[in-house]
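Heads up, model.pdb below (PDB, C-alpha atoms):
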```
ATOM      1  CA  MET V   1      -5.553-201.830  37.004
ATOM      2  CA  ILE V   2      -3.889-203.702  39.861
ATOM      3  CA  ARG V   3      -2.319-200.463  41.051
ATOM      4  CA  HIS V   4      -5.723-198.847  40.964
ATOM      5  CA  ALA V   5      -7.259-201.637  43.052
ATOM      6  CA  LEU V   6      -4.361-201.456  45.468
ATOM      7  CA  ILE V   7      -4.762-197.726  45.991
ATOM      8  CA  LEU V   8      -8.487-198.149  46.540
ATOM      9  CA  SER V   9      -8.061-200.920  49.063
ATOM     10  CA  LEU V  10      -5.410-198.905  50.910
ATOM     11  CA  LEU V  11      -7.798-195.977  51.034
ATOM     12  CA  PHE V  12     -10.424-198.265  52.456
ATOM     13  CA  ALA V  13      -8.020-199.530  55.093
ATOM     14  CA  VAL V  14      -7.269-196.041  56.386
ATOM     15  CA  GLN V  15     -10.909-194.932  56.342
ATOM     16  CA  ALA V  16     -11.798-192.706  59.256
ATOM     17  CA  HIS V  17     -13.460-194.229  62.270
ATOM     18  CA  ALA V  18     -15.985-192.147  64.159
ATOM     19  CA  GLU V  19     -15.907-191.329  67.847
ATOM     20  CA  THR V  20     -17.779-188.937  70.090
ATOM     21  CA  PRO V  21     -16.071-185.677  71.137
ATOM     22  CA  GLN V  22     -15.940-187.003  74.707
ATOM     23  CA  GLN V  23     -14.099-190.155  73.549
ATOM     24  CA  ILE V  24     -11.629-187.993  71.683
ATOM     25  CA  LEU V  25     -11.051-185.857  74.766
ATOM     26  CA  ASP V  26     -10.545-189.002  76.890
ATOM     27  CA  GLY V  27      -7.941-190.239  74.425
ATOM     28  CA  LEU V  28      -6.089-186.905  74.541
ATOM     29  CA  VAL V  29      -6.140-186.933  78.358
ATOM     30  CA  GLN V  30      -4.607-190.426  78.304
ATOM     31  CA  GLU V  31      -1.919-189.134  75.963
ATOM     32  CA  ALA V  32      -1.280-186.109  78.217
ATOM     33  CA  ARG V  33      -0.897-188.372  81.260
ATOM     34  CA  ARG V  34       1.991-190.122  79.593
ATOM     35  CA  ALA V  35       3.819-186.781  79.580
ATOM     36  CA  GLN V  36       2.473-185.511  82.895
ATOM     37  CA  GLN V  37       1.371-187.935  85.598
ATOM     38  CA  GLY V  38      -2.025-187.280  87.170
ATOM     39  CA  PHE V  39      -2.937-184.694  84.489
ATOM     40  CA  THR V  40      -6.560-183.535  84.328
ATOM     41  CA  ALA V  41      -7.802-181.353  81.474
ATOM     42  CA  SER V  42      -8.867-177.769  82.166
ATOM     43  CA  ALA V  43     -11.279-175.835  79.961
ATOM     44  CA  THR V  44     -10.056-172.597  81.569
ATOM     45  CA  ARG V  45      -6.441-173.263  80.597
ATOM     46  CA  GLY V  46      -7.697-174.317  77.167
ATOM     47  CA  GLU V  47      -9.484-171.002  76.715
ATOM     48  CA  GLN V  48      -6.381-169.027  77.709
ATOM     49  CA  PHE V  49      -4.377-171.054  75.208
ATOM     50  CA  TYR V  50      -7.017-170.458  72.500
ATOM     51  CA  ARG V  51      -6.862-166.680  72.900
ATOM     52  CA  ALA V  52      -3.176-166.238  73.793
ATOM     53  CA  ARG V  53      -0.968-164.257  71.434
ATOM     54  CA  GLN V  54       1.906-166.414  70.263
ATOM     55  CA  THR V  55       5.046-165.512  68.378
ATOM     56  CA  GLY V  56       6.407-168.747  66.909
ATOM     57  CA  GLY V  57       4.320-169.041  63.736
ATOM     58  CA  ASP V  58       2.547-167.084  60.995
ATOM     59  CA  ALA V  59      -0.806-166.641  62.734
ATOM     60  CA  GLU V  60      -0.896-164.760  66.019
ATOM     61  CA  SER V  61      -3.362-167.006  67.824
ATOM     62  CA  CYS V  62      -5.928-169.768  67.329
ATOM     63  CA  ALA V  63      -8.547-167.022  67.462
ATOM     64  CA  THR V  64      -6.960-165.293  64.444
ATOM     65  CA  CYS V  65      -8.671-167.776  62.122
ATOM     66  CA  HIS V  66     -11.396-169.203  64.382
ATOM     67  CA  THR V  67     -12.339-165.742  65.796
ATOM     68  CA  GLN V  68     -12.893-164.915  69.483
ATOM     69  CA  ASP V  69     -16.107-166.960  69.337
ATOM     70  CA  ALA V  70     -15.476-170.592  68.363
ATOM     71  CA  LYS V  71     -19.201-170.994  67.602
ATOM     72  CA  ALA V  72     -18.881-168.497  64.741
ATOM     73  CA  HIS V  73     -17.571-168.985  61.211
ATOM     74  CA  GLY V  74     -13.892-168.135  60.879
ATOM     75  CA  ARG V  75     -11.595-167.171  58.016
ATOM     76  CA  HIS V  76      -8.237-168.627  56.985
ATOM     77  CA  ASN V  77      -5.435-166.109  57.561
ATOM     78  CA  LYS V  78      -3.811-166.706  54.168
ATOM     79  CA  THR V  79      -6.397-168.157  51.804
ATOM     80  CA  HIS V  80      -9.397-166.222  53.238
ATOM     81  CA  LYS V  81     -11.506-169.364  52.956
ATOM     82  CA  ASP V  82     -14.553-169.519  55.181
ATOM     83  CA  ILE V  83     -13.970-171.899  58.117
ATOM     84  CA  ALA V  84     -16.984-173.698  59.615
ATOM     85  CA  PRO V  85     -17.418-173.305  63.409
ATOM     86  CA  LEU V  86     -14.992-175.298  65.568
ATOM     87  CA  ALA V  87     -17.069-175.788  68.715
ATOM     88  CA  PRO V  88     -19.037-179.075  68.540
ATOM     89  CA  VAL V  89     -22.134-177.310  69.890
ATOM     90  CA  ALA V  90     -22.255-175.341  66.619
ATOM     91  CA  ASN V  91     -20.907-178.022  64.280
ATOM     92  CA  LYS V  92     -21.566-181.658  65.064
ATOM     93  CA  GLU V  93     -18.850-182.918  62.713
ATOM     94  CA  ARG V  94     -16.117-181.465  64.915
ATOM     95  CA  PHE V  95     -14.028-183.711  67.176
ATOM     96  CA  THR V  96     -15.491-186.944  65.806
ATOM     97  CA  ASP V  97     -12.568-188.286  63.760
ATOM     98  CA  PRO V  98      -9.352-188.814  65.760
ATOM     99  CA  ALA V  99      -7.098-188.823  62.681
ATOM    100  CA  LYS V 100      -8.567-185.536  61.488
ATOM    101  CA  VAL V 101      -8.176-183.947  64.938
ATOM    102  CA  GLU V 102      -4.528-185.054  65.054
ATOM    103  CA  LYS V 103      -3.850-183.779  61.538
ATOM    104  CA  TRP V 104      -5.210-180.315  62.209
ATOM    105  CA  PHE V 105      -3.401-180.013  65.556
ATOM    106  CA  ARG V 106      -0.189-180.853  63.705
ATOM    107  CA  ARG V 107      -0.779-178.232  61.002
ATOM    108  CA  ASN V 108      -2.275-175.459  63.043
ATOM    109  CA  CYS V 109       0.079-175.709  66.031
ATOM    110  CA  LYS V 110       2.901-175.234  63.536
ATOM    111  CA  GLU V 111       1.025-172.295  61.999
ATOM    112  CA  VAL V 112       0.471-170.535  65.351
ATOM    113  CA  LEU V 113       3.250-171.732  67.665
ATOM    114  CA  GLY V 114       5.873-172.809  65.144
ATOM    115  CA  ARG V 115       6.060-176.216  66.880
ATOM    116  CA  VAL V 116       3.898-179.240  67.665
ATOM    117  CA  CYS V 117       1.514-178.911  70.611
ATOM    118  CA  THR V 118       2.140-180.902  73.784
ATOM    119  CA  GLY V 119      -0.303-183.551  75.007
ATOM    120  CA  PRO V 120      -1.578-181.337  77.854
ATOM    121  CA  GLU V 121      -2.110-178.389  75.462
ATOM    122  CA  LYS V 122      -4.211-180.516  73.111
ATOM    123  CA  ALA V 123      -6.297-181.969  75.951
ATOM    124  CA  ASP V 124      -6.951-178.524  77.503
ATOM    125  CA  PHE V 125      -7.849-177.028  74.131
ATOM    126  CA  THR V 126     -10.306-179.847  73.417
ATOM    127  CA  ALA V 127     -11.808-179.585  76.914
ATOM    128  CA  TYR V 128     -12.446-175.897  76.231
ATOM    129  CA  MET V 129     -14.098-176.619  72.852
ATOM    130  CA  LEU V 130     -16.394-179.221  74.422
ATOM    131  CA  SER V 131     -17.286-176.882  77.287
ATOM    132  CA  ILE V 132     -18.656-174.177  74.973
ATOM    133  CA  LYS V 133     -22.456-174.042  75.202
TER
ATOM    134  CA  MET O   1     -56.221-188.766  16.487
ATOM    135  CA  GLY O   2     -57.446-186.114  18.913
ATOM    136  CA  VAL O   3     -55.513-184.483  21.704
ATOM    137  CA  THR O   4     -55.637-186.771  24.722
ATOM    138  CA  TYR O   5     -54.339-186.104  28.195
ATOM    139  CA  LYS O   6     -51.747-188.761  27.568
ATOM    140  CA  ASN O   7     -50.418-187.005  24.458
ATOM    141  CA  LEU O   8     -50.354-183.736  26.296
ATOM    142  CA  ALA O   9     -48.499-185.238  29.215
ATOM    143  CA  VAL O  10     -45.858-186.746  26.923
ATOM    144  CA  LEU O  11     -45.447-183.406  25.166
ATOM    145  CA  LEU O  12     -45.054-181.510  28.437
ATOM    146  CA  LEU O  13     -42.602-184.049  29.741
ATOM    147  CA  SER O  14     -40.496-183.744  26.595
ATOM    148  CA  ILE O  15     -40.403-179.971  26.949
ATOM    149  CA  VAL O  16     -39.304-180.236  30.587
ATOM    150  CA  ILE O  17     -36.585-182.734  29.722
ATOM    151  CA  ALA O  18     -35.370-180.610  26.811
ATOM    152  CA  ALA O  19     -35.264-177.493  28.985
ATOM    153  CA  PHE O  20     -33.364-179.360  31.671
ATOM    154  CA  TRP O  21     -30.937-180.670  29.079
ATOM    155  CA  ILE O  22     -30.217-177.239  27.670
ATOM    156  CA  GLY O  23     -30.031-175.602  31.087
ATOM    157  CA  ASN O  24     -27.635-178.098  32.602
ATOM    158  CA  GLY O  25     -25.659-179.456  29.740
ATOM    159  CA  GLN O  26     -24.712-177.405  26.757
ATOM    160  CA  ALA O  27     -24.991-173.891  28.128
ATOM    161  CA  ASP O  28     -22.472-174.455  30.933
ATOM    162  CA  GLY O  29     -20.488-177.243  29.336
ATOM    163  CA  GLU O  30     -17.560-175.006  28.591
ATOM    164  CA  VAL O  31     -17.012-173.907  32.176
ATOM    165  CA  ASN O  32     -17.503-177.209  33.991
ATOM    166  CA  PHE O  33     -14.301-178.957  34.990
ATOM    167  CA  PRO O  34     -14.214-182.680  35.754
ATOM    168  CA  MET O  35     -13.667-183.196  39.500
ATOM    169  CA  PRO O  36     -12.466-186.215  41.491
ATOM    170  CA  ARG O  37     -15.645-187.738  42.867
ATOM    171  CA  ASP O  38     -14.090-189.130  46.025
ATOM    172  CA  LYS O  39     -14.566-186.971  49.119
ATOM    173  CA  ILE O  40     -10.887-187.419  49.933
ATOM    174  CA  TYR O  41     -10.040-184.728  47.390
ATOM    175  CA  LEU O  42     -12.477-182.276  48.927
ATOM    176  CA  GLU O  43     -11.219-183.037  52.429
ATOM    177  CA  GLU O  44      -7.497-182.986  51.712
ATOM    178  CA  CYS O  45      -7.281-180.286  49.064
ATOM    179  CA  GLY O  46     -10.384-178.306  49.996
ATOM    180  CA  GLY O  47      -9.647-177.930  53.714
ATOM    181  CA  CYS O  48      -7.629-174.731  53.527
ATOM    182  CA  HIS O  49      -9.048-173.238  50.326
ATOM    183  CA  THR O  50     -11.363-173.979  47.407
ATOM    184  CA  ALA O  51     -10.893-177.523  46.096
ATOM    185  CA  TYR O  52      -9.366-176.330  42.828
ATOM    186  CA  ALA O  53     -10.364-178.192  39.684
ATOM    187  CA  PRO O  54      -7.364-180.198  38.387
ATOM    188  CA  GLY O  55      -8.100-178.807  34.900
ATOM    189  CA  LEU O  56      -6.887-175.368  35.966
ATOM    190  CA  LEU O  57      -3.205-176.391  35.703
ATOM    191  CA  PRO O  58      -1.198-178.855  33.581
ATOM    192  CA  ALA O  59      -0.077-182.218  35.002
ATOM    193  CA  ARG O  60       3.544-181.049  35.392
ATOM    194  CA  SER O  61       2.405-178.330  37.795
ATOM    195  CA  TRP O  62       0.530-180.835  39.955
ATOM    196  CA  ARG O  63       3.440-183.310  39.976
ATOM    197  CA  LYS O  64       5.757-180.602  41.260
ATOM    198  CA  MET O  65       3.231-179.478  43.891
ATOM    199  CA  MET O  66       2.576-183.019  45.119
ATOM    200  CA  ASN O  67       6.319-183.507  45.646
ATOM    201  CA  GLU O  68       6.572-180.470  47.892
ATOM    202  CA  LEU O  69       3.505-180.775  50.120
ATOM    203  CA  GLU O  70       5.488-180.501  53.380
ATOM    204  CA  ASP O  71       6.195-176.912  52.408
ATOM    205  CA  HIS O  72       3.088-175.929  50.472
ATOM    206  CA  PHE O  73       3.088-172.111  50.292
ATOM    207  CA  GLY O  74       4.620-172.134  53.777
ATOM    208  CA  GLU O  75       2.157-174.681  55.204
ATOM    209  CA  ASP O  76       2.287-178.382  55.871
ATOM    210  CA  ALA O  77      -0.217-180.044  53.520
ATOM    211  CA  SER O  78       1.479-183.454  53.524
ATOM    212  CA  LEU O  79      -0.618-186.598  53.109
ATOM    213  CA  GLU O  80      -0.336-190.263  54.008
ATOM    214  CA  GLU O  81       0.982-192.261  51.069
ATOM    215  CA  PRO O  82      -2.321-193.846  49.899
ATOM    216  CA  GLN O  83      -4.075-190.463  49.783
ATOM    217  CA  GLN O  84      -1.024-188.877  48.197
ATOM    218  CA  LEU O  85      -1.071-191.444  45.379
ATOM    219  CA  ALA O  86      -4.811-191.167  44.835
ATOM    220  CA  VAL O  87      -4.784-187.351  44.765
ATOM    221  CA  LEU O  88      -1.821-187.263  42.374
ATOM    222  CA  ARG O  89      -3.653-189.658  40.106
ATOM    223  CA  TRP O  90      -6.829-187.551  40.016
ATOM    224  CA  LEU O  91      -4.874-184.336  39.496
ATOM    225  CA  THR O  92      -3.001-185.739  36.511
ATOM    226  CA  ASP O  93      -5.992-187.647  35.052
ATOM    227  CA  TYR O  94      -8.086-184.440  34.966
ATOM    228  CA  ALA O  95      -5.263-181.951  34.340
ATOM    229  CA  ALA O  96      -5.538-179.163  31.761
ATOM    230  CA  ASP O  97      -3.349-181.148  29.339
ATOM    231  CA  ALA O  98      -4.984-184.553  29.913
ATOM    232  CA  SER O  99      -6.103-186.460  26.837
ATOM    233  CA  ASN O 100      -9.843-185.986  27.530
ATOM    234  CA  ALA O 101      -9.573-182.256  28.325
ATOM    235  CA  THR O 102     -12.474-179.896  27.511
ATOM    236  CA  PRO O 103     -11.895-176.977  25.099
ATOM    237  CA  LEU O 104     -11.435-174.529  27.996
ATOM    238  CA  MET O 105      -8.908-176.831  29.660
ATOM    239  CA  ARG O 106      -7.009-177.067  26.393
ATOM    240  CA  ARG O 107      -6.931-173.273  26.170
ATOM    241  CA  ILE O 108      -5.526-173.141  29.700
ATOM    242  CA  ALA O 109      -2.857-175.711  28.818
ATOM    243  CA  ALA O 110      -1.952-173.896  25.600
ATOM    244  CA  SER O 111      -1.541-170.565  27.413
ATOM    245  CA  ILE O 112       1.202-171.927  29.708
ATOM    246  CA  PRO O 113       4.775-172.112  28.352
ATOM    247  CA  ARG O 114       5.974-175.712  27.961
ATOM    248  CA  ASP O 115       8.988-175.228  30.210
ATOM    249  CA  ALA O 116       6.941-173.668  33.035
ATOM    250  CA  ALA O 117       5.145-175.513  35.838
ATOM    251  CA  PRO O 118       3.205-172.676  37.493
ATOM    252  CA  GLN O 119       2.061-173.341  41.069
ATOM    253  CA  ARG O 120      -0.472-170.546  41.198
ATOM    254  CA  ILE O 121      -3.644-170.685  39.095
ATOM    255  CA  THR O 122      -4.094-166.992  39.798
ATOM    256  CA  GLU O 123      -0.820-166.114  38.095
ATOM    257  CA  THR O 124      -1.622-167.831  34.809
ATOM    258  CA  ALA O 125      -2.334-165.553  31.878
ATOM    259  CA  LEU O 126      -5.755-167.053  31.201
ATOM    260  CA  PHE O 127      -6.932-166.524  34.789
ATOM    261  CA  LYS O 128      -5.952-162.858  34.553
ATOM    262  CA  TYR O 129      -7.655-162.550  31.190
ATOM    263  CA  MET O 130     -10.910-164.081  32.496
ATOM    264  CA  HIS O 131     -10.959-161.726  35.456
ATOM    265  CA  ASP O 132      -9.758-158.502  33.867
ATOM    266  CA  GLU O 133     -13.175-156.951  34.487
ATOM    267  CA  VAL O 134     -12.981-157.502  38.242
ATOM    268  CA  PRO O 135     -11.591-154.280  39.742
ATOM    269  CA  ALA O 136      -8.818-154.434  42.380
ATOM    270  CA  TYR O 137     -10.961-153.167  45.278
ATOM    271  CA  ILE O 138     -13.333-156.137  44.901
ATOM    272  CA  TRP O 139     -10.567-158.690  45.507
ATOM    273  CA  LYS O 140      -9.817-156.960  48.793
ATOM    274  CA  ARG O 141     -13.343-157.269  50.216
ATOM    275  CA  ALA O 142     -13.354-159.090  53.571
ATOM    276  CA  LYS O 143     -15.342-162.061  52.257
ATOM    277  CA  ILE O 144     -13.065-162.503  49.233
ATOM    278  CA  GLY O 145      -9.575-161.391  50.306
ATOM    279  CA  SER O 146      -7.691-163.111  47.497
ATOM    280  CA  PRO O 147      -8.254-164.063  43.852
ATOM    281  CA  ALA O 148      -7.426-167.642  44.889
ATOM    282  CA  ASN O 149     -10.600-167.742  47.016
ATOM    283  CA  CYS O 150     -12.621-168.942  43.999
ATOM    284  CA  GLY O 151     -15.453-170.294  46.170
ATOM    285  CA  ALA O 152     -16.206-166.838  47.548
ATOM    286  CA  CYS O 153     -17.627-165.769  44.139
ATOM    287  CA  HIS O 154     -18.110-169.005  42.178
ATOM    288  CA  THR O 155     -20.706-170.592  44.451
ATOM    289  CA  ARG O 156     -20.145-174.108  43.075
ATOM    290  CA  ALA O 157     -16.379-173.972  42.615
ATOM    291  CA  ASN O 158     -15.889-177.058  44.788
ATOM    292  CA  GLU O 159     -17.871-178.986  42.150
ATOM    293  CA  GLY O 160     -15.719-177.583  39.354
ATOM    294  CA  ARG O 161     -18.508-175.274  38.139
ATOM    295  CA  TYR O 162     -17.583-171.774  37.034
ATOM    296  CA  ALA O 163     -20.551-170.740  34.851
ATOM    297  CA  GLU O 164     -21.378-167.050  34.787
ATOM    298  CA  ARG O 165     -24.867-167.521  36.225
ATOM    299  CA  GLU O 166     -23.406-169.165  39.312
ATOM    300  CA  VAL O 167     -21.177-166.182  40.131
ATOM    301  CA  ARG O 168     -22.232-164.150  43.205
ATOM    302  CA  ILE O 169     -19.798-161.450  44.244
ATOM    303  CA  PRO O 170     -20.135-160.968  48.026
ATOM    304  CA  LYS O 171     -20.599-157.429  49.362
TER
END
```
Whole structure given in structure tokens:
Amino acid sequence: MIRHALILSLLFAVQAHAETPQQILDGLVQEARRAQQGFTASATRGEQFYRARQTGGDAESCATCHTQDAKAHGRHNKTHKDIAPLAPVANKERFTDPAKVEKWFRRNCKEVLGRVCTGPEKADFTAYMLSIK
Amino acid sequence: MGVTYKNLAVLLLSIVIAAFWIGNGQADGEVNFPMPRDKIYLEECGGCHTAYAPGLLPARSWRKMMNELEDHFGEDASLEEPQQLAVLRWLTDYAADASNATPLMRRIAASIPRDAAPQRITETALFKYMHDEVPAYIWKRAKIGSPANCGACHTRANEGRYAEREVRIPK
């Protein structure tokens, strides 16, 4: 019983806190500036990164699962599960929970690049997603 | 006593309730699996694939899986400790061999050798038996792709519901 209560209260403590996509982008730019002074995010670089063919991981590119159009539904490369659109303009839940954004960068960068993404890569990618109309 | 509107209304209401009861309860009871009600399960274990019902595998399978989440079928599905503990608890509480298991769950548990802790639902004998009428070319359809994509055909799989009338095989 006590263990149960403890688990529940821990879950409560780590509950997600909501932000706007712009706030999330600002946070990623701050992070990128720690690695690269004077960094500003570029949606154009982000788009190149999104479509680029990579060799380090199991999926060839971000677009493999999210498709060439980030407003469209995608499909997981291994499980074939439907993936809801990634661009906030098509899915208002996207880029609103910093912990979730961080978690999926960690997983999917490994899946595509075979390594973690750098601060500038994450900021550019997010700038591209937010720029999609 | 004559037929009054009130009597009629009560009668109609009873029929509706009875129909609802039969439609939702007994008929599907056998193919509904208990699911963790917290959205954490859906988010953490339903992000990459269907949120599989814990009752599809025995507790020993889930314990093994939860110990190896950093390398989960080649992917990193690791969780923070509080979520990890909660998910493990739900998986074992509602596992196929849990004390309150439904008859179907007990059949699943009984079909798995005691010394085995299978990690794939789709490789268990009972899964194959239940799907032996689905021809190979159907699994390969773009919107299905894999037998493990339960939600592609069982429209309410994320709620643990696998009744026949809720199956829609995508074209």
Explicit residue set for the PyMOL selection byres ((chain O) within 10 of (chain V)), as a PyMOL selection string: chain O and resi 40+43+46-50+73-86+89+142-152
Would you kindly translate the PyMOL selection byres ((chain V and resi 127) around 7) into the concrete residues it picks from this file, as a VMD selection string? chain V and resid 25 41 to 43 46 123 to 126 128 to 131
Any chance you could export the current selection's C-alpha atoms as a compact mmCIF listing (two decimals), in the coordinates of the input?
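Wrote result_35.txt, looks like this:
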```txt
# COMPACT_ATOMS: atom_id res chain seq x y z
CA LEU V 25 -11.05 -185.86 74.77
CA ALA V 41 -7.80 -181.35 81.47
CA SER V 42 -8.87 -177.77 82.17
CA ALA V 43 -11.28 -175.84 79.96
CA GLY V 46 -7.70 -174.32 77.17
CA ALA V 123 -6.30 -181.97 75.95
CA ASP V 124 -6.95 -178.52 77.50
CA PHE V 125 -7.85 -177.03 74.13
CA THR V 126 -10.31 -179.85 73.42
CA TYR V 128 -12.45 -175.90 76.23
CA MET V 129 -14.10 -176.62 72.85
CA LEU V 130 -16.39 -179.22 74.42
CA SER V 131 -17.29 -176.88 77.29
```
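For the file shown, the residue list from the PyMOL selection byres ((chain O and resi 127) around 12) reads O:Leu56, O:Leu57, O:Leu104, O:Met105, O:Arg107, O:Ile108, O:Ala109, O:Ser111, O:Ile112, O:Arg120, O:Ile121, O:Thr122, O:Glu123, O:Thr124, O:Ala125, O:Leu126, O:Lys128, O:Tyr129, O:Met130, O:His131, O:Asp132, O:Glu133, O:Val134, O:Pro147, O:Ala148, O:Cys150.
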At a cut-off of 9 Å, using only C-alpha atoms, what residues contact range 117-120 of chain V? Leave out same-chain residues fewer than 4 positions from it and give the result as number ranges by chain. V: 28-36, 39-41, 105-106, 109-110, 113, 124-125
Output, as JSON, the centre and edge lengths in Å (one decimal) of the axis-aligned box that contains all listed atoms of range 15-33 of chain V with 4 Å of margin on each side.
```
{"center_x": -9.3, "center_y": -190.3, "center_z": 68.8, "size_x": 24.9, "size_y": 17.3, "size_z": 32.9}
```
Just want the 12 Å neighbourhood of Gln68 in chain V, counted on all atoms listed in the file, with same-chain residues fewer than 3 positions away dropped. Output as a ChimeraX atom specification. /V:47-52,61-65,71-75,85-87
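You can rank O:Asn158, O:Asn32, O:Gln119, O:Ser99 by their closest distance to Asn67 in chain O using all atoms listed in the file, and at the top of that list sits O:Gln119.
Between CA of Phe33 in chain O and CA of Arg161 in chain O lies a distance of 6.4 Å.
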Nearest-residue call for Lys122 in chain V, choices V:Arg45, V:Asp69, V:Thr55, V:Ala18, using only C-alpha atoms: V:Arg45
Please determine, counting only C-alpha atoms, which residue among O:Arg37, O:Arg141, O:Arg168, O:Arg60 has the shortest atom-to-atom distance to His154 in chain O. O:Arg168
Please measure the separation of CA of Pro54 in chain O and CA of Thr92 in chain O, giving the value in Å to one decimal. 7.3 Å
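Reported to one decimal place, the separation of CA of Ala157 in chain O from CA of Leu69 in chain O is 22.3 Å.
For the residues V:Gln54, V:Thr96, V:Gln37, V:Thr44, ranking by smallest atom-to-atom distance to Pro21 in chain V using all atoms listed in the file places V:Thr96 first.
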Would you fill out range 67-83 of chain V with N, CA and C atoms and return it as a CSV table (one decimal), in the coordinates of the input?
```
chain,number,residue,atom,x,y,z
V,67,THR,N,-11.7,-166.9,65.2
V,67,THR,CA,-12.3,-165.7,65.8
V,67,THR,C,-12.4,-165.9,67.3
V,68,GLN,N,-12.8,-164.9,68.0
V,68,GLN,CA,-12.9,-164.9,69.5
V,68,GLN,C,-14.0,-165.8,69.9
V,69,ASP,N,-15.0,-166.1,69.0
V,69,ASP,CA,-16.1,-167.0,69.3
V,69,ASP,C,-16.0,-168.2,68.5
V,70,ALA,N,-15.7,-169.3,69.1
V,70,ALA,CA,-15.5,-170.6,68.4
V,70,ALA,C,-16.8,-171.2,67.8
V,71,LYS,N,-17.9,-170.5,68.2
V,71,LYS,CA,-19.2,-171.0,67.6
V,71,LYS,C,-19.5,-170.3,66.3
V,72,ALA,N,-18.7,-169.3,66.0
V,72,ALA,CA,-18.9,-168.5,64.7
V,72,ALA,C,-18.1,-169.1,63.6
V,73,HIS,N,-18.4,-168.6,62.4
V,73,HIS,CA,-17.6,-169.0,61.2
V,73,HIS,C,-16.3,-168.2,61.3
V,74,GLY,N,-15.2,-168.8,60.9
V,74,GLY,CA,-13.9,-168.1,60.9
V,74,GLY,C,-13.4,-167.9,59.5
V,75,ARG,N,-12.2,-167.4,59.3
V,75,ARG,CA,-11.6,-167.2,58.0
V,75,ARG,C,-10.1,-167.5,58.0
V,76,HIS,N,-9.7,-168.2,57.0
V,76,HIS,CA,-8.2,-168.6,57.0
V,76,HIS,C,-7.4,-167.4,56.8
V,77,ASN,N,-6.3,-167.3,57.6
V,77,ASN,CA,-5.4,-166.1,57.6
V,77,ASN,C,-4.8,-165.9,56.2
V,78,LYS,N,-4.5,-166.9,55.4
V,78,LYS,CA,-3.8,-166.7,54.2
V,78,LYS,C,-4.7,-166.9,53.0
V,79,THR,N,-5.6,-167.9,53.0
V,79,THR,CA,-6.4,-168.2,51.8
V,79,THR,C,-7.8,-167.4,51.9
V,80,HIS,N,-8.1,-166.9,53.0
V,80,HIS,CA,-9.4,-166.2,53.2
V,80,HIS,C,-10.6,-167.1,53.1
V,81,LYS,N,-10.4,-168.4,53.1
V,81,LYS,CA,-11.5,-169.4,53.0
V,81,LYS,C,-12.3,-169.3,54.2
V,82,ASP,N,-13.6,-169.4,54.0
V,82,ASP,CA,-14.6,-169.5,55.2
V,82,ASP,C,-14.2,-170.8,56.0
V,83,ILE,N,-14.2,-170.7,57.3
V,83,ILE,CA,-14.0,-171.9,58.1
V,83,ILE,C,-15.2,-172.2,59.0
```
